[in-house]
Structures are given as structure tokens and as C-alpha cells.
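Structure below is my_file-v3.pdb: PDB, N, CA and C atoms.
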```
MODEL        1
ATOM      1  N   MET W 537      10.225   0.081  -0.810
ATOM      2  CA  MET W 537       9.321   1.079  -1.326
ATOM      3  C   MET W 537       9.910   1.607  -2.629
ATOM      4  N   TYR W 538       9.089   1.690  -3.624
ATOM      5  CA  TYR W 538       9.505   2.091  -4.956
ATOM      6  C   TYR W 538       9.301   3.592  -5.208
ATOM      7  N   ALA W 539       8.256   4.157  -4.611
ATOM      8  CA  ALA W 539       7.918   5.552  -4.901
ATOM      9  C   ALA W 539       6.989   6.104  -3.822
ATOM     10  N   ILE W 540       6.816   7.429  -3.860
ATOM     11  CA  ILE W 540       5.877   8.148  -2.997
ATOM     12  C   ILE W 540       4.801   8.754  -3.896
ATOM     13  N   TYR W 541       3.537   8.598  -3.497
ATOM     14  CA  TYR W 541       2.412   9.166  -4.243
ATOM     15  C   TYR W 541       1.865  10.357  -3.469
ATOM     16  N   ASP W 542       1.770  11.513  -4.139
ATOM     17  CA  ASP W 542       1.239  12.732  -3.534
ATOM     18  C   ASP W 542      -0.235  12.849  -3.901
ATOM     19  N   ARG W 543      -1.111  12.727  -2.935
ATOM     20  CA  ARG W 543      -2.562  12.759  -3.195
ATOM     21  C   ARG W 543      -3.027  14.125  -3.693
ATOM     22  N   GLU W 544      -2.403  15.201  -3.241
ATOM     23  CA  GLU W 544      -2.838  16.541  -3.654
ATOM     24  C   GLU W 544      -2.538  16.809  -5.121
ATOM     25  N   THR W 545      -1.346  16.435  -5.577
ATOM     26  CA  THR W 545      -0.967  16.695  -6.967
ATOM     27  C   THR W 545      -1.229  15.499  -7.879
ATOM     28  N   GLU W 546      -1.548  14.331  -7.277
ATOM     29  CA  GLU W 546      -1.758  13.079  -8.009
ATOM     30  C   GLU W 546      -0.526  12.690  -8.826
ATOM     31  N   ARG W 547       0.636  12.978  -8.280
ATOM     32  CA  ARG W 547       1.893  12.632  -8.940
ATOM     33  C   ARG W 547       2.654  11.616  -8.103
ATOM     34  N   THR W 548       3.461  10.826  -8.798
ATOM     35  CA  THR W 548       4.281   9.810  -8.151
ATOM     36  C   THR W 548       5.743  10.172  -8.312
ATOM     37  N   ARG W 549       6.471  10.192  -7.210
ATOM     38  CA  ARG W 549       7.906  10.470  -7.240
ATOM     39  C   ARG W 549       8.648   9.154  -7.003
ATOM     40  N   VAL W 550       9.377   8.713  -8.017
ATOM     41  CA  VAL W 550      10.096   7.447  -7.935
ATOM     42  C   VAL W 550      11.393   7.638  -7.171
ATOM     43  N   GLY W 551      11.702   6.696  -6.332
ATOM     44  CA  GLY W 551      12.926   6.694  -5.537
ATOM     45  C   GLY W 551      12.817   5.600  -4.503
ATOM     46  N   SER W 552      13.556   4.531  -4.641
ATOM     47  CA  SER W 552      13.363   3.363  -3.785
ATOM     48  C   SER W 552      14.012   3.545  -2.413
ATOM     49  N   ASP W 553      13.452   2.828  -1.440
ATOM     50  CA  ASP W 553      13.971   2.809  -0.079
ATOM     51  C   ASP W 553      13.714   1.407   0.478
ATOM     52  N   ALA W 554      14.756   0.596   0.552
ATOM     53  CA  ALA W 554      14.624  -0.803   0.975
ATOM     54  C   ALA W 554      14.236  -0.949   2.446
ATOM     55  N   SER W 555      14.301   0.115   3.234
ATOM     56  CA  SER W 555      13.923   0.005   4.640
ATOM     57  C   SER W 555      12.404   0.080   4.836
ATOM     58  N   TYR W 556      11.651   0.305   3.760
ATOM     59  CA  TYR W 556      10.191   0.288   3.769
ATOM     60  C   TYR W 556       9.754  -0.877   2.891
ATOM     61  N   TYR W 557       9.011  -1.818   3.465
ATOM     62  CA  TYR W 557       8.510  -2.922   2.663
ATOM     63  C   TYR W 557       7.290  -3.538   3.334
ATOM     64  N   ILE W 558       6.534  -4.306   2.544
ATOM     65  CA  ILE W 558       5.362  -5.000   3.052
ATOM     66  C   ILE W 558       5.371  -6.413   2.481
ATOM     67  N   GLU W 559       4.913  -7.351   3.274
ATOM     68  CA  GLU W 559       4.827  -8.742   2.834
ATOM     69  C   GLU W 559       3.391  -9.222   3.024
ATOM     70  N   PHE W 560       2.728  -9.576   1.923
ATOM     71  CA  PHE W 560       1.374 -10.115   2.005
ATOM     72  C   PHE W 560       1.481 -11.625   2.155
ATOM     73  N   ARG W 561       0.972 -12.143   3.264
ATOM     74  CA  ARG W 561       1.085 -13.566   3.561
ATOM     75  C   ARG W 561      -0.248 -14.271   3.339
ATOM     76  N   ALA W 562      -0.177 -15.563   3.070
ATOM     77  CA  ALA W 562      -1.373 -16.371   2.805
ATOM     78  C   ALA W 562      -2.328 -16.408   4.002
ATOM     79  N   ASP W 563      -1.808 -16.213   5.214
ATOM     80  CA  ASP W 563      -2.668 -16.240   6.400
ATOM     81  C   ASP W 563      -3.374 -14.905   6.644
ATOM     82  N   LYS W 564      -3.343 -14.021   5.637
ATOM     83  CA  LYS W 564      -4.022 -12.704   5.665
ATOM     84  C   LYS W 564      -3.349 -11.696   6.592
ATOM     85  N   THR W 565      -2.096 -11.936   6.971
ATOM     86  CA  THR W 565      -1.334 -10.938   7.699
ATOM     87  C   THR W 565      -0.435 -10.222   6.700
ATOM     88  N   ALA W 566      -0.048  -9.015   7.039
ATOM     89  CA  ALA W 566       0.800  -8.213   6.152
ATOM     90  C   ALA W 566       1.662  -7.284   7.000
ATOM     91  N   PRO W 567       2.826  -7.755   7.450
ATOM     92  CA  PRO W 567       3.696  -6.860   8.201
ATOM     93  C   PRO W 567       4.245  -5.751   7.305
ATOM     94  N   LEU W 568       4.082  -4.519   7.742
ATOM     95  CA  LEU W 568       4.549  -3.339   7.021
ATOM     96  C   LEU W 568       5.727  -2.757   7.780
ATOM     97  N   GLN W 569       6.897  -2.808   7.172
ATOM     98  CA  GLN W 569       8.097  -2.233   7.782
ATOM     99  C   GLN W 569       8.231  -0.794   7.318
ATOM    100  N   SER W 570       8.277   0.113   8.241
ATOM    101  CA  SER W 570       8.320   1.542   7.936
ATOM    102  C   SER W 570       9.633   2.115   8.447
ATOM    103  N   GLY W 571      10.664   2.049   7.611
ATOM    104  CA  GLY W 571      11.968   2.551   8.007
ATOM    105  C   GLY W 571      12.521   1.752   9.158
ATOM    106  N   GLY W 572      13.088   2.430  10.145
ATOM    107  CA  GLY W 572      13.688   1.763  11.291
ATOM    108  C   GLY W 572      12.697   1.393  12.376
ATOM    109  N   ASP W 573      11.417   1.775  12.207
ATOM    110  CA  ASP W 573      10.398   1.454  13.203
ATOM    111  C   ASP W 573      10.113  -0.042  13.220
ATOM    112  N   LEU W 574       9.529  -0.503  14.310
ATOM    113  CA  LEU W 574       9.071  -1.890  14.373
ATOM    114  C   LEU W 574       7.994  -2.089  13.304
ATOM    115  N   PRO W 575       7.846  -3.292  12.769
ATOM    116  CA  PRO W 575       6.829  -3.483  11.733
ATOM    117  C   PRO W 575       5.424  -3.337  12.302
ATOM    118  N   TYR W 576       4.535  -2.797  11.482
ATOM    119  CA  TYR W 576       3.116  -2.720  11.808
ATOM    120  C   TYR W 576       2.507  -4.055  11.412
ATOM    121  N   GLU W 577       1.885  -4.742  12.347
ATOM    122  CA  GLU W 577       1.289  -6.048  12.057
ATOM    123  C   GLU W 577      -0.140  -5.831  11.559
ATOM    124  N   CYS W 578      -0.302  -5.827  10.258
ATOM    125  CA  CYS W 578      -1.581  -5.540   9.617
ATOM    126  C   CYS W 578      -2.283  -6.827   9.196
ATOM    127  N   GLN W 579      -3.565  -6.717   8.964
ATOM    128  CA  GLN W 579      -4.390  -7.777   8.388
ATOM    129  C   GLN W 579      -4.909  -7.263   7.049
ATOM    130  N   TRP W 580      -5.036  -8.140   6.050
ATOM    131  CA  TRP W 580      -5.547  -7.713   4.754
ATOM    132  C   TRP W 580      -6.703  -8.603   4.323
ATOM    133  N   SER W 581      -7.579  -8.016   3.473
ATOM    134  CA  SER W 581      -8.675  -8.772   2.869
ATOM    135  C   SER W 581      -8.980  -8.159   1.502
ATOM    136  N   PHE W 582      -9.434  -8.973   0.579
ATOM    137  CA  PHE W 582      -9.768  -8.534  -0.772
ATOM    138  C   PHE W 582     -11.080  -7.769  -0.728
ATOM    139  N   ASP W 583     -11.157  -6.628  -1.428
ATOM    140  CA  ASP W 583     -12.369  -5.815  -1.491
ATOM    141  C   ASP W 583     -12.973  -5.962  -2.888
ATOM    142  N   GLU W 584     -13.857  -6.929  -3.027
ATOM    143  CA  GLU W 584     -14.464  -7.232  -4.320
ATOM    144  C   GLU W 584     -15.329  -6.082  -4.829
ATOM    145  N   GLU W 585     -15.965  -5.358  -3.941
ATOM    146  CA  GLU W 585     -16.861  -4.265  -4.317
ATOM    147  C   GLU W 585     -16.124  -3.120  -5.024
ATOM    148  N   LYS W 586     -14.927  -2.763  -4.558
ATOM    149  CA  LYS W 586     -14.149  -1.673  -5.155
ATOM    150  C   LYS W 586     -13.365  -2.115  -6.388
ATOM    151  N   SER W 587     -13.006  -3.388  -6.469
ATOM    152  CA  SER W 587     -12.124  -3.885  -7.524
ATOM    153  C   SER W 587     -12.820  -3.884  -8.880
ATOM    154  N   ASP W 588     -12.004  -3.746  -9.925
ATOM    155  CA  ASP W 588     -12.530  -3.788 -11.287
ATOM    156  C   ASP W 588     -11.520  -4.530 -12.164
ATOM    157  N   GLY W 589     -11.676  -4.429 -13.480
ATOM    158  CA  GLY W 589     -10.799  -5.136 -14.405
ATOM    159  C   GLY W 589      -9.357  -4.669 -14.389
ATOM    160  N   GLU W 590      -9.105  -3.437 -13.961
ATOM    161  CA  GLU W 590      -7.752  -2.887 -13.969
ATOM    162  C   GLU W 590      -7.067  -2.969 -12.615
ATOM    163  N   ASP W 591      -7.772  -2.650 -11.570
ATOM    164  CA  ASP W 591      -7.178  -2.561 -10.236
ATOM    165  C   ASP W 591      -7.854  -3.535  -9.287
ATOM    166  N   ARG W 592      -7.067  -4.105  -8.410
ATOM    167  CA  ARG W 592      -7.552  -5.008  -7.375
ATOM    168  C   ARG W 592      -7.360  -4.302  -6.033
ATOM    169  N   TYR W 593      -8.449  -4.041  -5.349
ATOM    170  CA  TYR W 593      -8.396  -3.310  -4.081
ATOM    171  C   TYR W 593      -8.409  -4.271  -2.898
ATOM    172  N   TYR W 594      -7.674  -3.898  -1.884
ATOM    173  CA  TYR W 594      -7.605  -4.665  -0.648
ATOM    174  C   TYR W 594      -7.813  -3.701   0.513
ATOM    175  N   ASP W 595      -8.403  -4.207   1.556
ATOM    176  CA  ASP W 595      -8.534  -3.424   2.780
ATOM    177  C   ASP W 595      -7.449  -3.868   3.743
ATOM    178  N   MET W 596      -6.827  -2.903   4.378
ATOM    179  CA  MET W 596      -5.806  -3.175   5.384
ATOM    180  C   MET W 596      -6.380  -2.782   6.731
ATOM    181  N   GLU W 597      -6.077  -3.571   7.721
ATOM    182  CA  GLU W 597      -6.501  -3.250   9.077
ATOM    183  C   GLU W 597      -5.277  -3.216   9.978
ATOM    184  N   TYR W 598      -5.188  -2.149  10.705
ATOM    185  CA  TYR W 598      -4.178  -2.005  11.743
ATOM    186  C   TYR W 598      -4.873  -1.274  12.867
ATOM    187  N   GLU W 599      -4.895  -1.854  14.034
ATOM    188  CA  GLU W 599      -5.747  -1.351  15.115
ATOM    189  C   GLU W 599      -5.525   0.110  15.463
ATOM    190  N   GLU W 600      -4.357   0.668  15.159
ATOM    191  CA  GLU W 600      -4.089   2.057  15.530
ATOM    192  C   GLU W 600      -4.344   3.051  14.400
ATOM    193  N   VAL W 601      -4.728   2.572  13.208
ATOM    194  CA  VAL W 601      -4.958   3.454  12.060
ATOM    195  C   VAL W 601      -6.343   3.172  11.487
ATOM    196  N   VAL W 602      -7.183   4.194  11.392
ATOM    197  CA  VAL W 602      -8.535   4.059  10.856
ATOM    198  C   VAL W 602      -8.505   4.273   9.345
ATOM    199  N   ASP W 603      -9.307   3.499   8.599
ATOM    200  CA  ASP W 603      -9.460   3.640   7.149
ATOM    201  C   ASP W 603      -8.158   3.470   6.385
ATOM    202  N   PHE W 604      -7.385   2.504   6.755
ATOM    203  CA  PHE W 604      -6.121   2.160   6.117
ATOM    204  C   PHE W 604      -6.462   1.289   4.916
ATOM    205  N   SER W 605      -6.070   1.649   3.710
ATOM    206  CA  SER W 605      -6.419   0.841   2.547
ATOM    207  C   SER W 605      -5.265   0.789   1.565
ATOM    208  N   ASP W 606      -5.341  -0.181   0.657
ATOM    209  CA  ASP W 606      -4.319  -0.272  -0.365
ATOM    210  C   ASP W 606      -4.932  -0.800  -1.653
ATOM    211  N   VAL W 607      -4.243  -0.552  -2.753
ATOM    212  CA  VAL W 607      -4.709  -1.013  -4.058
ATOM    213  C   VAL W 607      -3.531  -1.652  -4.783
ATOM    214  N   LEU W 608      -3.783  -2.798  -5.369
ATOM    215  CA  LEU W 608      -2.796  -3.437  -6.226
ATOM    216  C   LEU W 608      -3.100  -2.992  -7.643
ATOM    217  N   THR W 609      -2.160  -2.313  -8.271
ATOM    218  CA  THR W 609      -2.392  -1.735  -9.583
ATOM    219  C   THR W 609      -1.129  -1.850 -10.415
ATOM    220  N   GLU W 610      -1.183  -1.394 -11.652
ATOM    221  CA  GLU W 610      -0.008  -1.471 -12.510
ATOM    222  C   GLU W 610       0.597  -0.086 -12.686
ATOM    223  N   LEU W 611       1.921  -0.001 -12.588
ATOM    224  CA  LEU W 611       2.653   1.242 -12.778
ATOM    225  C   LEU W 611       3.930   0.878 -13.525
ATOM    226  N   ASN W 612       4.173   1.529 -14.643
ATOM    227  CA  ASN W 612       5.359   1.224 -15.455
ATOM    228  C   ASN W 612       5.442  -0.265 -15.815
ATOM    229  N   ARG W 613       4.287  -0.840 -16.141
ATOM    230  CA  ARG W 613       4.180  -2.246 -16.569
ATOM    231  C   ARG W 613       4.583  -3.248 -15.497
ATOM    232  N   GLU W 614       4.549  -2.844 -14.261
ATOM    233  CA  GLU W 614       4.853  -3.728 -13.138
ATOM    234  C   GLU W 614       3.683  -3.671 -12.156
ATOM    235  N   ASP W 615       3.378  -4.809 -11.532
ATOM    236  CA  ASP W 615       2.386  -4.785 -10.464
ATOM    237  C   ASP W 615       2.933  -3.992  -9.290
ATOM    238  N   ASN W 616       2.107  -3.145  -8.736
ATOM    239  CA  ASN W 616       2.476  -2.303  -7.605
ATOM    240  C   ASN W 616       1.382  -2.336  -6.564
ATOM    241  N   VAL W 617       1.743  -2.017  -5.356
ATOM    242  CA  VAL W 617       0.792  -1.840  -4.282
ATOM    243  C   VAL W 617       0.913  -0.390  -3.828
ATOM    244  N   LEU W 618      -0.201   0.330  -3.856
ATOM    245  CA  LEU W 618      -0.265   1.697  -3.353
ATOM    246  C   LEU W 618      -0.983   1.644  -2.019
ATOM    247  N   ILE W 619      -0.316   2.071  -0.971
ATOM    248  CA  ILE W 619      -0.916   2.093   0.358
ATOM    249  C   ILE W 619      -1.206   3.538   0.726
ATOM    250  N   GLU W 620      -2.485   3.781   1.065
ATOM    251  CA  GLU W 620      -2.916   5.131   1.421
ATOM    252  C   GLU W 620      -3.616   5.118   2.772
ATOM    253  N   ILE W 621      -3.374   6.144   3.526
ATOM    254  CA  ILE W 621      -4.113   6.409   4.754
ATOM    255  C   ILE W 621      -4.836   7.724   4.490
ATOM    256  N   PRO W 622      -6.177   7.720   4.499
ATOM    257  CA  PRO W 622      -6.951   8.867   4.000
ATOM    258  C   PRO W 622      -6.559  10.238   4.526
ATOM    259  N   TYR W 623      -6.146  10.369   5.771
ATOM    260  CA  TYR W 623      -5.854  11.693   6.313
ATOM    261  C   TYR W 623      -4.402  12.115   6.111
ATOM    262  N   LEU W 624      -3.583  11.304   5.407
ATOM    263  CA  LEU W 624      -2.214  11.687   5.097
ATOM    264  C   LEU W 624      -2.092  12.084   3.634
ATOM    265  N   GLN W 625      -1.232  13.040   3.334
ATOM    266  CA  GLN W 625      -1.071  13.536   1.967
ATOM    267  C   GLN W 625      -0.373  12.527   1.064
ATOM    268  N   TYR W 626       0.537  11.753   1.623
ATOM    269  CA  TYR W 626       1.364  10.871   0.799
ATOM    270  C   TYR W 626       0.995   9.409   0.973
ATOM    271  N   GLY W 627       1.130   8.669  -0.124
ATOM    272  CA  GLY W 627       0.953   7.224  -0.097
ATOM    273  C   GLY W 627       2.279   6.561  -0.440
ATOM    274  N   MET W 628       2.397   5.277  -0.102
ATOM    275  CA  MET W 628       3.613   4.533  -0.379
ATOM    276  C   MET W 628       3.337   3.550  -1.509
ATOM    277  N   VAL W 629       4.277   3.488  -2.478
ATOM    278  CA  VAL W 629       4.127   2.580  -3.611
ATOM    279  C   VAL W 629       5.220   1.508  -3.491
ATOM    280  N   PHE W 630       4.780   0.249  -3.537
ATOM    281  CA  PHE W 630       5.686  -0.886  -3.432
ATOM    282  C   PHE W 630       5.617  -1.713  -4.706
ATOM    283  N   GLN W 631       6.760  -2.276  -5.121
ATOM    284  CA  GLN W 631       6.798  -3.207  -6.243
ATOM    285  C   GLN W 631       7.192  -4.569  -5.729
ATOM    286  N   ARG W 632       6.725  -5.589  -6.447
ATOM    287  CA  ARG W 632       7.080  -6.962  -6.073
ATOM    288  C   ARG W 632       8.569  -7.189  -6.251
ATOM    289  N   SER W 633       9.178  -7.848  -5.291
ATOM    290  CA  SER W 633      10.603  -8.133  -5.411
ATOM    291  C   SER W 633      10.860  -9.626  -5.405
TER     292      SER W 633
ENDMDL
END
```
Rewritten as C-alpha cells:
Amino acid sequence: MYAIYDRETERTRVGSDASYYIEFRADKTAPLQSGGDLPYECQWSFDEEKSDGEDRYYDMEYEEVVDFSDVLTELNREDNVLIEIPYLQYGMVFQRS
């Protein structure tokens, strides 16, 4: 994880944490490792309706979390993935490694 995004202030606080990571696989699975917890076995799909020339949106599915979504966007000239869960204040920002 590269940074935390605060939805209320719309600010990003940079500070990496290698114990948080996500891997997008060709078979449309995306295990999300959240600290020391077991990985969340998510499914992903491209959301053509939300996507535009700047940002590519993807929908994430995890059976225990409703409305889980993420966006692939650019931050500091690097591709990033911002993962947001609508009812939580903070989002997680990941960079490609």
C-alpha cells in the first residue's frame, strides 16, 4: 500500500505498508492482503460505463462487502489503484511493484 485516501477531506497521505497489497490476476481474481489478516479473495471486472480517458474503473466483488469498488488512476505520474468501500472514510492506494 502506497497511501491512504481520506474521502472527507479528499486528501491522500503517503506512507507505504508492504503488509497491504493486491494482485490482479488474469483469471479475474484479486486477492487483497490486509495487514496480518488472511487475504480477501475478491473478483474483479472492468466497468466500461464509469471509465473515461483518464481513469479506468473496475468493480470488485467480495461476498462479505457490499459496493466494493476500485479505480485505476494516475498519482505522481505512476499508475495507482484506489480501493474504496463506500461506507468507510478511508480508501487504500496501491502502486504497481
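When the distance limit is 9 Å and only C-alpha atoms are what count, the residues near Tyr598 in chain W, minus those fewer than 6 positions from it on the same chain, are Tyr576, Glu577, Cys578, Gln579 and Phe604 of chain W.
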Dump as a short mmCIF file (atom, residue, chain, number, x, y, z; two decimals), in the coordinates of the input, selection limited to N, CA and C atoms:
```cif
data_model
loop_
_atom_site.label_atom_id
_atom_site.label_comp_id
_atom_site.auth_asym_id
_atom_site.auth_seq_id
_atom_site.Cartn_x
_atom_site.Cartn_y
_atom_site.Cartn_z
N TYR W 576 4.54 -2.80 11.48
CA TYR W 576 3.12 -2.72 11.81
C TYR W 576 2.51 -4.06 11.41
N GLU W 577 1.88 -4.74 12.35
CA GLU W 577 1.29 -6.05 12.06
C GLU W 577 -0.14 -5.83 11.56
N CYS W 578 -0.30 -5.83 10.26
CA CYS W 578 -1.58 -5.54 9.62
C CYS W 578 -2.28 -6.83 9.20
N GLN W 579 -3.56 -6.72 8.96
CA GLN W 579 -4.39 -7.78 8.39
C GLN W 579 -4.91 -7.26 7.05
N PHE W 604 -7.38 2.50 6.76
CA PHE W 604 -6.12 2.16 6.12
C PHE W 604 -6.46 1.29 4.92
#
```
Let me make sure I understand: among W:Arg632, W:Gly572, W:Ile558, W:Tyr626, which one has the smallest atom-to-atom distance to Ile540 in chain W if we use all atoms listed in the file? W:Tyr626
Given the file shown, enumerate the residues that the PyMOL selection byres (((chain W and resi 567 and name CA) around 12) and name CA) captures and present them as a JSON list (two decimals) with N, CA and C atoms, keeping the file's coordinate frame.
```json
[["chain", "number", "residue", "atom", "x", "y", "z"],
["W", 556, "TYR", "N", 11.65, 0.30, 3.76],
["W", 556, "TYR", "CA", 10.19, 0.29, 3.77],
["W", 556, "TYR", "C", 9.75, -0.88, 2.89],
["W", 557, "TYR", "N", 9.01, -1.82, 3.46],
["W", 557, "TYR", "CA", 8.51, -2.92, 2.66],
["W", 557, "TYR", "C", 7.29, -3.54, 3.33],
["W", 558, "ILE", "N", 6.53, -4.31, 2.54],
["W", 558, "ILE", "CA", 5.36, -5.00, 3.05],
["W", 558, "ILE", "C", 5.37, -6.41, 2.48],
["W", 559, "GLU", "N", 4.91, -7.35, 3.27],
["W", 559, "GLU", "CA", 4.83, -8.74, 2.83],
["W", 559, "GLU", "C", 3.39, -9.22, 3.02],
["W", 560, "PHE", "N", 2.73, -9.58, 1.92],
["W", 560, "PHE", "CA", 1.37, -10.12, 2.00],
["W", 560, "PHE", "C", 1.48, -11.62, 2.15],
["W", 561, "ARG", "N", 0.97, -12.14, 3.26],
["W", 561, "ARG", "CA", 1.08, -13.57, 3.56],
["W", 561, "ARG", "C", -0.25, -14.27, 3.34],
["W", 563, "ASP", "N", -1.81, -16.21, 5.21],
["W", 563, "ASP", "CA", -2.67, -16.24, 6.40],
["W", 563, "ASP", "C", -3.37, -14.90, 6.64],
["W", 564, "LYS", "N", -3.34, -14.02, 5.64],
["W", 564, "LYS", "CA", -4.02, -12.70, 5.66],
["W", 564, "LYS", "C", -3.35, -11.70, 6.59],
["W", 565, "THR", "N", -2.10, -11.94, 6.97],
["W", 565, "THR", "CA", -1.33, -10.94, 7.70],
["W", 565, "THR", "C", -0.44, -10.22, 6.70],
["W", 566, "ALA", "N", -0.05, -9.02, 7.04],
["W", 566, "ALA", "CA", 0.80, -8.21, 6.15],
["W", 566, "ALA", "C", 1.66, -7.28, 7.00],
["W", 568, "LEU", "N", 4.08, -4.52, 7.74],
["W", 568, "LEU", "CA", 4.55, -3.34, 7.02],
["W", 568, "LEU", "C", 5.73, -2.76, 7.78],
["W", 569, "GLN", "N", 6.90, -2.81, 7.17],
["W", 569, "GLN", "CA", 8.10, -2.23, 7.78],
["W", 569, "GLN", "C", 8.23, -0.79, 7.32],
["W", 570, "SER", "N", 8.28, 0.11, 8.24],
["W", 570, "SER", "CA", 8.32, 1.54, 7.94],
["W", 570, "SER", "C", 9.63, 2.12, 8.45],
["W", 573, "ASP", "N", 11.42, 1.78, 12.21],
["W", 573, "ASP", "CA", 10.40, 1.45, 13.20],
["W", 573, "ASP", "C", 10.11, -0.04, 13.22],
["W", 574, "LEU", "N", 9.53, -0.50, 14.31],
["W", 574, "LEU", "CA", 9.07, -1.89, 14.37],
["W", 574, "LEU", "C", 7.99, -2.09, 13.30],
["W", 575, "PRO", "N", 7.85, -3.29, 12.77],
["W", 575, "PRO", "CA", 6.83, -3.48, 11.73],
["W", 575, "PRO", "C", 5.42, -3.34, 12.30],
["W", 576, "TYR", "N", 4.54, -2.80, 11.48],
["W", 576, "TYR", "CA", 3.12, -2.72, 11.81],
["W", 576, "TYR", "C", 2.51, -4.06, 11.41],
["W", 577, "GLU", "N", 1.88, -4.74, 12.35],
["W", 577, "GLU", "CA", 1.29, -6.05, 12.06],
["W", 577, "GLU", "C", -0.14, -5.83, 11.56],
["W", 578, "CYS", "N", -0.30, -5.83, 10.26],
["W", 578, "CYS", "CA", -1.58, -5.54, 9.62],
["W", 578, "CYS", "C", -2.28, -6.83, 9.20],
["W", 579, "GLN", "N", -3.56, -6.72, 8.96],
["W", 579, "GLN", "CA", -4.39, -7.78, 8.39],
["W", 579, "GLN", "C", -4.91, -7.26, 7.05],
["W", 580, "TRP", "N", -5.04, -8.14, 6.05],
["W", 580, "TRP", "CA", -5.55, -7.71, 4.75],
["W", 580, "TRP", "C", -6.70, -8.60, 4.32],
["W", 596, "MET", "N", -6.83, -2.90, 4.38],
["W", 596, "MET", "CA", -5.81, -3.18, 5.38],
["W", 596, "MET", "C", -6.38, -2.78, 6.73],
["W", 597, "GLU", "N", -6.08, -3.57, 7.72],
["W", 597, "GLU", "CA", -6.50, -3.25, 9.08],
["W", 597, "GLU", "C", -5.28, -3.22, 9.98],
["W", 598, "TYR", "N", -5.19, -2.15, 10.70],
["W", 598, "TYR", "CA", -4.18, -2.00, 11.74],
["W", 598, "TYR", "C", -4.87, -1.27, 12.87]]
```
Would you return as a ChimeraX atom specification the members of chain W that DSSP assigns to strand (DSSP E or B) on this structure's backbone? /W:539-542,547-550,556-558,565-570,576-582,592-598,601,605-611,614-620,626-631
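Atom N of Gly551 in chain W sits 5.4 Å away from atom C of Ala539 in chain W.
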The PyMOL selection byres ((chain W and resi 582) around 5) on the file shown: which residues, as an MDAnalysis selection string? chainID W and resid 580:581 583:584 593:595
